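Participant: Before we start, here is the structure in question, set down as structure tokens.
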Amino acid sequence: MPEPDLIDSYLGELRRSLRTRPDVDDVVAEVQDHLREAADRLQATGVPRLEAERSTIERFGQPALLATAFTLTSTGGLAMPTTLTRAAGAVAVATACCWLIAGAAHWWASELFAPFSTDRYAIFGALTFAALVGTLVVLAGVLLRAGRKDLMVAALVLGGVLAALFAFFSWMWPVWGLIVAVALAGMVRVLHTSTGDRATADWAVVIAWPAGFGMFVVLNIMEVGPVDEWGDFPAANTVGFVTAASLMAVGLVSIGRRLLTEQTVVTSRSLVEV
């Protein structure tokens with residue numbers, strides 16, 4: 001019975017870890033050369049083949065760790081799952097629930113439920129702000145997952161300002177929502193590039209606000225429902241916001257589940273040396 005080739009098994013596992021890279025063949029071939037050369041040097045000193053291969057692999061490190069050495073972004077960050085990115089996944093799922101509650105609160109705060117009340121409107125604004133802050137945390141987690149720490153500070157600052165505007169001027173949500181959609185499109189693109197997993201449901205966060213805006217416009221044109229004291233159609237406003245909030249929940253659950261279930265990786269710089 002032929003002896004197993006430990007290096008071939010190692011390379012197969014490494015290939016699976018790097019399967020999303022377009023240059024995976026080149027990377028694996030480079031690692032194979034290093035491993036074979038190191039094992040040959042040990043064999044030349046009298047070490048048996050299997051022991052030489054095992055020793056070389058141990059010095060190289062686990063394939064999942066070695067894979068991180070090939071995930072450096074152009075800005076020097078590591079694109080990989082961490083404890084923080086998993087936490088962002090948990091926040092994404094919780095934020096999805098928050099968006100659904102905010103959608104219900106919009107109806108509760110509207111004149112479809114009862115005459116206008118500043119208290120109900122304030123509660124709706126607070127829930128919307130909380131949902132937006134949670135979404136910002138998810139954005140930060142995705143940028144961290146992609147190794148883009150260079151964008152995190154700017155994204156959080158600008159996103160915080162937008163969240164405040166969104167909360168205090170909630171009646172302008174069609175405008176703020178379209179701005180949010182642009183930022184979320186960038187987030188989904190970054191996530192898909194870094195993970196290689198292009199889940200269709202992720203795009204729900206991008207189409208959420210344009211879809212909500214579309215419902216708002218169509219129902220206004222059709223003059224659906226009662227007219228409030230300002231001459232507006234609260235049904236159009238409410239249905240539009242609930243549509244956007246519901247789609248946000250769908251997309252965040254999709255993104256959150258992936259971030260939450262990824263196994264964390266601890267880097268080791270020594271693994272690139274043999």
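Ligands are numbered from 1 in the order shown, chains are lettered A, B, ... in the order of the structure tokens, and residues start at 1 in each chain.
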Near Val250 (chain A), counting only C-alpha atoms, which residues have an atom at most 8 Å away, once you skip same-chain residues fewer than 3 positions from it, shown as a PyMOL selection string?
Facilitator: chain A and resi 96+201-202+204-205+246-247+253-254
Participant: Taking 6 positions as the minimum chain separation for residues in the same chain, which residues sit within 10 Å of Gly125 (chain A) when counting only C-alpha atoms? Answer as a ChimeraX atom specification.
Facilitator: /A:102,105-106,109,119,131,164,166-171
Participant: Compare A:Ala146, A:Leu112, A:Ala236, A:Ala38 by their minimum atom-to-atom distance to Arg59 (chain A), counting only C-alpha atoms, and give me the closest one.
Facilitator: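 Closest to Arg59 (chain A) of all the choices is A:Ala38.
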Participant: As a VMD selection string, please: the residues near Glu223 (chain A) (cut-off 12 Å, only C-alpha atoms, same-chain neighbours under 2 positions excluded).
Facilitator: chain A and resid 215 to 221 225 to 228 231 to 237
